[in-house]
Structure formats: structure tokens, C-alpha cells
Amino acid sequence: MPQVRTRFAPSPTGYLHLGGLRTALYAYLFARKNGGVFILRIEDTDQEREVAGAEEQLRKSLKLAGLTYDEGPDVGGSYGPYVQSERKGSYAPYAWALVEKGAAYPCFCTKGRLDQARTEAEREGRTFKYDKRCMSIAKNEARRRVESGEKHVIRQNMPTDGAASFDDALFGHIEIDTAQLDDMVLMKADGFPTYNFANVVDDHLMGITHVMRGTEYLSSTPKYNLLYEAFGWDKPVYIHLPLVMADATRKLSKRYGDPSFEDLLNEGYLPEAVVNYIALLGWNPGDDREFFTLGELEQSFSLDGLSKSPSIFDKAKLTWMNGEYIRRLPFGRYYELAKPWLEKALPDWGRDPKRLAELLHGRAEVLNRIPEMAAFIKAMPEYGLELYTHKKMKSDPAVARESLAFVEPILRAVEDWTEASLHDSLMPAITASGRKNGAVLWPLRVAISGLTSTPGGATEIAYLLGKTETLRRITAARERLAL
RNA sequence: GCCUCCGUGGUCUAGAGGUAAGGACAUCGCCCUCUCAAGGCGGCAACACGGGUUCAAUUCCCGUCGGAGGUGCCA
């Protein structure tokens with residue numbers, strides 16, 4: 001087998017969405033697994049849809065995901081250029097070669113006429129098919145009109161009977177009646193090729209051996225094969241990938257606010273976690289294993305773990321997995337990542353951000369949860385007295401009132417405001433007084449945090465707040481409870 | 001409408017003629033605990049439906065239904 005060459009061929013129309021990321025990932029993994037080459041090719045043949053900066057963003061995202069490509073716009077390679085607009089001139093000769101063979105023909109029909117025919121067909125409930133009107137123009141006549149500068153496109157001449165087919169490595173044999181197929185446009189009036197054409201020409205020219213892409217191309221691939229046959233070129237192996245859906249009825253799309261890869265990173269998901277999660281969306285290793293580094297995926301990936309049915313992106317599971325990744329991070333690395341989020345919540349809070357981060361380490365499944373979890377330190381939240389009621393802790397507002405009265409002098413007496421000494425002053429005193437831990441510590445924690453759920457227990461929270469603030473909050477709480 | 005594809009719990013999936021239909025997320029409950037998480041233990045929960053084929057179908061075939069994709073001078 002010749003060396004495997006796969007490619008990721010996005011059009012620069014925006015951010016990298018998760019379906020695209022998965023396609024890129026699988027193409028990358030397949031190449032790596034087979035000792036092959038992974039290529040990035042930018043398909044910018046649609047001038048109107050192009051978004052400035054999108055190509056750069058795409059490259060950045062791939063880099064963040066760890067998907068290094070061996071050939072591409074910024075890294076070069078011997079099959080370049082890797083941006084289709086830079087290869088613009090190379091497509092027309094191939095299209096004309098097809099015209100020579102009778103597999104294509106120039107078409108001078110206006111968009112207006114076509115649109116009209118299309119809506120008419122739609123109204124009558126028929127599938128629109130171009131009527132091959134321009135096929136009847138004599139070749140030299142057509143040539144003359146083209147040379148005189150008349151606007152034209154080049155269409156593929158579909159056979160009117162028989163079938164077109166191809167074999168997909170995942171979906172098997174796909175066959176379509178050619179009568180069903182429209183004479184698709186290969187070259188547009190602006191001189192650019194369409195995707196349908198550029199993709200075939202470039203995949204061939206770049207020596208792509210395995211084409212991986214979404215199933216949205218499944219039913220047009222027979223047409224591409226006709227092109228390969230007309231040229232007499234070897235066909236690549238096709239592997240169409242089922243779509244990634246937002247829910248049962250809709251594919252993931254930026255337009256509806258579904259998160260892109262970069263959105264997730266901005267929310268505080270780790271790229272490794274997203275890649276791991278996305279790898280498992282439509283592929284499984286054949287056993288129950290769920291955690292994979294990119295390198296491990298490169299080893300384990302195989303086509304027969306691919307699923308045929310579309311899968312729904314489940315953010316809850318990603319979040320769980322991200323939490324696992326965060327917990328497994330060495331503290332130093334975690335702290336680096338958490339720090340900006342902490343600073344966002346507590347600008348110039350000098351006490352002990354490291355300790356806070358430590359307490360948050362196992363609790364924040366996504367980095368963006370950190371600010372909300374830490375906010376109570378900066379400002380005491382509004383809270384209702386019902387927070388003091390907790391059956392298992394044997395606490396209610398009356399108990400709380402009494403407990404806070406008990407605990408305040410103890411805390412006031414603590415000189416060395418550390419977690420250890422707080423703990424050592426509090427716990428024995430509680431026991432000695434015959435009180436239950438919960439009946440004292442629950443109200444204490446509520447009084448100084450205003451929350452039922454905090455990054456740490458009462459002693460940790462008191463420590464983080466500092467003596468002055470802790471006592472201030474207790475006083476305030478006692479005043480409220482006294483009313 | 002037409003064409004193509006898909007169909008195991010709410011979600012991701014294992015399964016490849018004979019299984020108590022397995023795992024993970026979510027969810028619920030219990031334990032642990034100075035809260036919440038984490039962790040441990042346990043519960044609820046699926047083969048879309050109808051026909052075949054077969055001694056035996058979640059697994060093979062057909063149909064129906066449901067969903068998706070395509071039907072662009074978009075990719």
C-alpha cells in the first residue's frame with residue numbers, strides 16, 4: 001500500500017465547529033496510525049462566504065487541539081499551494097480536458113433563467129435538473145463564445161441512464177441512478193471551481209489516499225467518481241463520517257449558538273478533554289476505556305470502531321470528562337490555568353489564592369465555574385434565614401443564633417489564624433460543650449459565606465476570609481438572627 | 001416530493017443468531033463527611049413497529065414508521 005495521505009479541508013468561513021474538529025481528528029489519527037501524512041488544505045473557492053481571519057483561527061485551533069499537519073499553507077509541502085484560491089488557475093485546464101472528452105460542457109444560461117426553472121420545478125413538486133440546453137451548442141461555437149469573454153460555467157455531463165456508485169469504507173456500497181443526478185457546475189462564472197470539482201482535482205493532485213468527511217457528501221460522491229473515471233484517475237478510499245448533532249433533529253451549527261471548539265476553550269474546557277470527548281463521539285476503541293491522550297488515540301484508532309449513526313453532542317458528559325481532566329492535573333499546572341479566573345473573581349485579593357485554588361481544584365469541573373464559586377469571598381451574598389435550617393446538621397435559625405454566640409468568642413481568641421489552629425480551637429470546644437459538630441459548623445459556614453455550598457468547610461472558609469472579615473460577618477449574622 | 005443513509009435506556013455506546021442485553025454520562029437513593037463536590041455502594045431506565053428466515057432473533061431479509069443528509073455558480 002502506498003503511503004497513506006489524509007487531509008482536512010475546511011472552508012474558512014468561521015470558527016472550527018465540533019463536527020469539523022472530529023473530522024480533522026479522525027483524518028489525523030488515521031494518518032498517524034498508519035504512518036501516513038496529514039494535510040491541511042483551505043477550500044476558499046467561495047469568495048462571498050469567506051471570513052477574514054478564519055484561516056488563521058482554524059490553524060490556531062488545530063494547533064491547540066494538537067493536530068499537527070505535515071503539509072499545509074503555513075508549513076509548506078511538495079504538493080502546494082495548499083490554499084485553493086492560490087491554485088485558481090490550475091482547475092480550468094482540467095475542466096476543459098473534460099469538455100474535450102465530452103464529460104463536461106460550457107453553459108451560458110443565466111442565473112435568472114435557472115432560478116426561475118428551479119422554483120417552477122419546486123412548485124410542481126419535481127426535482128430540478130438542468131435541461132442540458134447548452135449541450136446542444138456546437139463545440140467550436142461554444143469555444144468562440146467563451147473566448148470572446150461571455151459569462152459561462154462548465155457543467156459536468158451526467159449520463160442519463162445507468163447508475164453511478166462508489167464503495168465507502170464505513171457505509172459500504174452506495175449507488176444512485178444517474179437519471180437522478182443534475183449536471184452540476186464544475187467551474188463557476190467567476191473562474192473559481194466549485195467544491196465538487198476542486199475537491200476531486202486537488203485530492204488527486206495531492207495524492208490523497210483516504211478521504212474522510214461528513215455524510216453530507218455521501219450522496220454526491222457517486223458524481224465525483226464519475227469525474228475520476230472520466231479523468232482515468234485512481235479513486236481514493238472514502239470514509240464518510242456521520243454528523244454531530246445538537247439534538248435529535250438538528251446538526252450542530254454555529255448559527256444556533258452551539259459552541260465551537262474555541263467557545264469551549266474560552267469557557268474553560270481543556271483542549272485535551274474536548275479532543276478526548278469528541279474522539280468518542282462516533283468511535284469506540286472496542287473496550288470500555290474512555291480516557292485517551294492524543295498519542296494513545298493515535299495508537300488505538302481504527303476504522304472499525306466507527307459508528308454509522310449520527311451522534312448528539314452531550315455537554316454534560318464533556319463537562320464530567322473535563323472535570324476529570326482538571327482533577328488529574330498536577331496542582332502547579334492547574335494553578336496556572338485557574339489563576340486568571342481567580343483574579344477575575346477576586347481582583348487584588350491578597351490572602352491566599354493558592355489555598356483557594358487548591359480547594360477549588362476538585363470542585364470546578366470547568367474553569368469558568370471558578371469565579372462564581374469564589375465570589376462570596378469578595379462580597380457576602382444575600383441570603384435567607386432558611387439557610388440555617390438543615391435537618392441532618394440539626395440546625396435551624398434558633399440553633400444558629402445560639403451556636404454563633406458560642407463560637408464567636410472562641411474565634412475571637414484565636415491568635416494564629418491558620419486552618420490548623422482554627423480547627424484545633426473549634427473542634428475540642430464543640431465536643432466539650434456537648435454540641436454536635438454540624439449544629440455549630442453549619443451555621444458558622446452559612447453566616448460567613450451566605451451559601452449552603454462552598455469550596456471548603458467552616459474552618460477553611462474562615463481561614464480564607466481572615467479574622468477581621470470572619471468576625472465582621474459573624475456579628476452581622478448575629479444581628480440578623482437576633483431580630 | 002424525489003434520492004441516499006441511519007434506528008440498543010434521556011445521551012455516548014458494547015453486542016456481531018442462543019447474553020440475567022454490558023459500560024460511561026445524566027438522574028435517583030444510601031454511605032463517607034465541618035457544607036458541596038470527589039469517592040464507595042445501589043436503584044430507575046433500551047433492542048422503534050410489523051412481517052418473514054431459523055430449533056432460536058436485538059443480531060439476517062422485507063415493509064412501515066421515525067430521524068438525518070442531499071436535491072445551490074455553499075461547502
# chains A, B, ... in the order shown; residues from 1 in each chain; ligands from 1
>>> select_by_dssp(residues="segment 370-467 of chain A", states="alpha helix (DSSP H)", output="PyMOL selection string")
chain A and resi 370-378+397-413+419-432+437-449+458-465+467
>>> interface_residues(of="chain B", to="chain A", cutoff="8 Å", atoms="only C-alpha atoms (C1' of nucleotides)", output="NGL selection string")
:B and (1-7 or 11-14 or 23-26 or 34-38 or 67-71 or 73-75)
>>> write_last_selection(atoms="C-alpha atoms (C1' of nucleotides)", output="PDB file, in the first residue's frame")
ATOM      1  C1'   G B   1     -41.857  15.488  -3.380  1.00  0.00           C
ATOM      2  C1'   C B   2     -37.589  12.635  -5.070  1.00  0.00           C
ATOM      3  C1'   C B   3     -32.753  10.281  -3.884  1.00  0.00           C
ATOM      4  C1'   U B   4     -29.227   8.349  -0.154  1.00  0.00           C
ATOM      5  C1'   C B   5     -28.202   6.940   4.701  1.00  0.00           C
ATOM      6  C1'   C B   6     -29.326   5.829   9.808  1.00  0.00           C
ATOM      7  C1'   G B   7     -32.513   3.490  14.047  1.00  0.00           C
ATOM      8  C1'   U B  11     -27.220  10.899  25.895  1.00  0.00           C
ATOM      9  C1'   C B  12     -22.458   8.313  24.012  1.00  0.00           C
ATOM     10  C1'   U B  13     -22.026   3.251  23.157  1.00  0.00           C
ATOM     11  C1'   A B  14     -20.724  -2.725  23.632  1.00  0.00           C
ATOM     12  C1'   G B  23     -20.022   0.015  30.297  1.00  0.00           C
ATOM     13  C1'   A B  24     -19.975   5.536  30.691  1.00  0.00           C
ATOM     14  C1'   C B  25     -22.631  10.407  31.363  1.00  0.00           C
ATOM     15  C1'   A B  26     -27.104  12.208  33.347  1.00  0.00           C
ATOM     16  C1'   C B  34     -17.482  20.619  59.453  1.00  0.00           C
ATOM     17  C1'   U B  35     -21.102  22.077  53.590  1.00  0.00           C
ATOM     18  C1'   C B  36     -20.746  20.946  48.495  1.00  0.00           C
ATOM     19  C1'   A B  37     -18.004  18.231  45.408  1.00  0.00           C
ATOM     20  C1'   A B  38     -14.880  13.943  44.832  1.00  0.00           C
ATOM     21  C1'   G B  67     -34.826  10.845  12.102  1.00  0.00           C
ATOM     22  C1'   A B  68     -30.936  12.886   9.273  1.00  0.00           C
ATOM     23  C1'   G B  69     -28.336  14.295   4.778  1.00  0.00           C
ATOM     24  C1'   G B  70     -28.681  15.645  -0.359  1.00  0.00           C
ATOM     25  C1'   U B  71     -31.554  17.825  -4.099  1.00  0.00           C
ATOM     26  C1'   C B  73     -22.448  29.205  -9.900  1.00  0.00           C
ATOM     27  C1'   C B  74     -22.301  26.667  -0.490  1.00  0.00           C
ATOM     28  C1'   A B  75     -19.004  23.655   1.178  1.00  0.00           C
TER      29        A B  75
END
>>> residues_around(residues="segment 477-481 of chain A", least_positions_apart="4", cutoff="7 Å", atoms="only C-alpha atoms (C1' of nucleotides)", output="CSV table (one decimal) with N, CA and C atoms, in the first residue's frame")
chain,number,residue,atom,x,y,z
A,397,PRO,N,-32.6,28.3,62.6
A,397,PRO,CA,-32.2,29.7,63.0
A,397,PRO,C,-32.0,29.8,64.5
A,401,ARG,N,-28.5,30.9,66.1
A,401,ARG,CA,-28.3,32.0,67.0
A,401,ARG,C,-27.4,31.7,68.2
A,404,LEU,N,-23.8,30.6,67.1
A,404,LEU,CA,-22.9,31.7,66.7
A,404,LEU,C,-22.4,32.4,68.0
A,447,ALA,N,-23.2,31.6,58.0
A,447,ALA,CA,-23.0,33.0,58.5
A,447,ALA,C,-21.9,33.7,57.8
A,473,ARG,N,-18.5,39.3,59.7
A,473,ARG,CA,-19.7,38.6,59.2
A,473,ARG,C,-20.5,37.9,60.2
>>> residues_around(residues="segment 40-48 of chain B", least_positions_apart="5", cutoff="10 Å", atoms="only C-alpha atoms (C1' of nucleotides)", output="NGL selection string")
:B and (7-10 or 21 or 27-32 or 58-59 or 65-66)
>>> write_last_selection(atoms="C-alpha atoms (C1' of nucleotides)", output="compact mmCIF listing (two decimals), in the first residue's frame")
# COMPACT_ATOMS: atom_id res chain seq x y z
C1' G B 7 -32.51 3.49 14.05
C1' U B 8 -29.91 -0.62 21.56
C1' G B 9 -32.02 3.36 28.06
C1' G B 10 -32.63 10.85 28.22
C1' A B 21 -28.64 -7.18 26.79
C1' U B 27 -30.77 11.04 37.11
C1' C B 28 -32.45 8.94 41.98
C1' G B 29 -31.11 6.77 46.82
C1' C B 30 -27.57 5.29 50.63
C1' C B 31 -22.59 5.61 52.88
C1' C B 32 -18.43 8.80 53.98
C1' U B 58 -31.51 -7.05 19.27
C1' U B 59 -28.36 -9.55 15.71
C1' C B 65 -42.71 4.41 10.99
C1' G B 66 -39.24 7.88 12.79
>>> closest_atom_pairs(of="segment 35-128 of chain A", to="segment 204-208 of chain A", cutoff="10 Å", atoms="only C-alpha atoms", output="tab-separated table")
residue	atom	partner	partner_atom	distance
A:Val37	CA	A:Ile208	CA	9.2
A:Phe38	CA	A:Ile208	CA	9.4
A:Ile39	CA	A:Ile208	CA	8.9
A:Arg41	CA	A:Met206	CA	9.8
A:Gly77	CA	A:Met206	CA	10.0
A:Ser78	CA	A:Met206	CA	8.7
A:Tyr79	CA	A:Met206	CA	5.5
A:Gly80	CA	A:Met206	CA	8.1
A:Pro81	CA	A:Met206	CA	10.0
A:Tyr82	CA	A:Met206	CA	9.2
>>> atom_distance(atom1="atom CA of Ala31 of chain A", atom2="atom CA of Phe301 of chain A")
9.9 Å
>>> closest_residue(among="A:Glu56, A:Asp183, A:Glu382, A:Glu298", to="Asn34 of chain A", atoms="only C-alpha atoms")
A:Glu298
>>> residues_around(residues="segment 261-272 of chain A", least_positions_apart="5", cutoff="8 Å", atoms="only C-alpha atoms (C1' of nucleotides)", output="PyMOL selection string")
chain A and resi 15-18+21+61+64-65+293-294+319+322+325-326+366-368
>>> decode(residues="chain B", atoms="C-alpha atoms (C1' of nucleotides)", output="short mmCIF file (atom, residue, chain, number, x, y, z; two decimals), in the first residue's frame")
data_model
loop_
_atom_site.label_atom_id
_atom_site.label_comp_id
_atom_site.auth_asym_id
_atom_site.auth_seq_id
_atom_site.Cartn_x
_atom_site.Cartn_y
_atom_site.Cartn_z
"C1'" G B 1 -41.86 15.49 -3.38
"C1'" C B 2 -37.59 12.64 -5.07
"C1'" C B 3 -32.75 10.28 -3.88
"C1'" U B 4 -29.23 8.35 -0.15
"C1'" C B 5 -28.20 6.94 4.70
"C1'" C B 6 -29.33 5.83 9.81
"C1'" G B 7 -32.51 3.49 14.05
"C1'" U B 8 -29.91 -0.62 21.56
"C1'" G B 9 -32.02 3.36 28.06
"C1'" G B 10 -32.63 10.85 28.22
"C1'" U B 11 -27.22 10.90 25.90
"C1'" C B 12 -22.46 8.31 24.01
"C1'" U B 13 -22.03 3.25 23.16
"C1'" A B 14 -20.72 -2.72 23.63
"C1'" G B 15 -23.07 -6.58 21.28
"C1'" A B 16 -21.69 -9.18 15.70
"C1'" G B 17 -28.22 -15.95 15.80
"C1'" G B 18 -28.65 -18.80 21.83
"C1'" U B 19 -26.40 -12.81 26.91
"C1'" A B 20 -29.63 -12.22 33.52
"C1'" A B 21 -28.64 -7.18 26.79
"C1'" G B 22 -22.51 -4.92 29.34
"C1'" G B 23 -20.02 0.01 30.30
"C1'" A B 24 -19.98 5.54 30.69
"C1'" C B 25 -22.63 10.41 31.36
"C1'" A B 26 -27.10 12.21 33.35
"C1'" U B 27 -30.77 11.04 37.11
"C1'" C B 28 -32.45 8.94 41.98
"C1'" G B 29 -31.11 6.77 46.82
"C1'" C B 30 -27.57 5.29 50.63
"C1'" C B 31 -22.59 5.61 52.88
"C1'" C B 32 -18.43 8.80 53.98
"C1'" U B 33 -18.06 14.00 55.67
"C1'" C B 34 -17.48 20.62 59.45
"C1'" U B 35 -21.10 22.08 53.59
"C1'" C B 36 -20.75 20.95 48.49
"C1'" A B 37 -18.00 18.23 45.41
"C1'" A B 38 -14.88 13.94 44.83
"C1'" G B 39 -15.04 8.74 46.26
"C1'" G B 40 -17.73 3.99 47.53
"C1'" C B 41 -22.32 1.20 47.07
"C1'" G B 42 -27.05 0.57 44.97
"C1'" G B 43 -31.77 1.87 42.04
"C1'" C B 44 -34.65 3.55 37.66
"C1'" A B 45 -34.01 3.05 32.52
"C1'" A B 46 -33.14 0.39 25.91
"C1'" C B 47 -33.10 -3.55 21.38
"C1'" A B 48 -38.94 1.80 17.00
"C1'" C B 49 -43.05 -1.33 14.96
"C1'" G B 50 -44.95 -5.35 11.79
"C1'" G B 51 -43.97 -9.41 8.86
"C1'" G B 52 -40.75 -13.20 7.41
"C1'" U B 53 -35.98 -16.77 7.56
"C1'" U B 54 -34.46 -20.13 11.59
"C1'" C B 55 -34.98 -25.07 16.54
"C1'" A B 56 -33.60 -19.94 18.06
"C1'" A B 57 -33.65 -13.34 16.52
"C1'" U B 58 -31.51 -7.05 19.27
"C1'" U B 59 -28.36 -9.55 15.71
"C1'" C B 60 -30.21 -11.84 8.76
"C1'" C B 61 -34.24 -10.21 4.85
"C1'" C B 62 -38.61 -7.18 3.56
"C1'" G B 63 -42.04 -3.47 4.75
"C1'" U B 64 -43.79 0.51 7.90
"C1'" C B 65 -42.71 4.41 10.99
"C1'" G B 66 -39.24 7.88 12.79
"C1'" G B 67 -34.83 10.84 12.10
"C1'" A B 68 -30.94 12.89 9.27
"C1'" G B 69 -28.34 14.29 4.78
"C1'" G B 70 -28.68 15.64 -0.36
"C1'" U B 71 -31.55 17.83 -4.10
"C1'" G B 72 -27.03 25.58 -4.92
"C1'" C B 73 -22.45 29.20 -9.90
"C1'" C B 74 -22.30 26.67 -0.49
"C1'" A B 75 -19.00 23.66 1.18
#
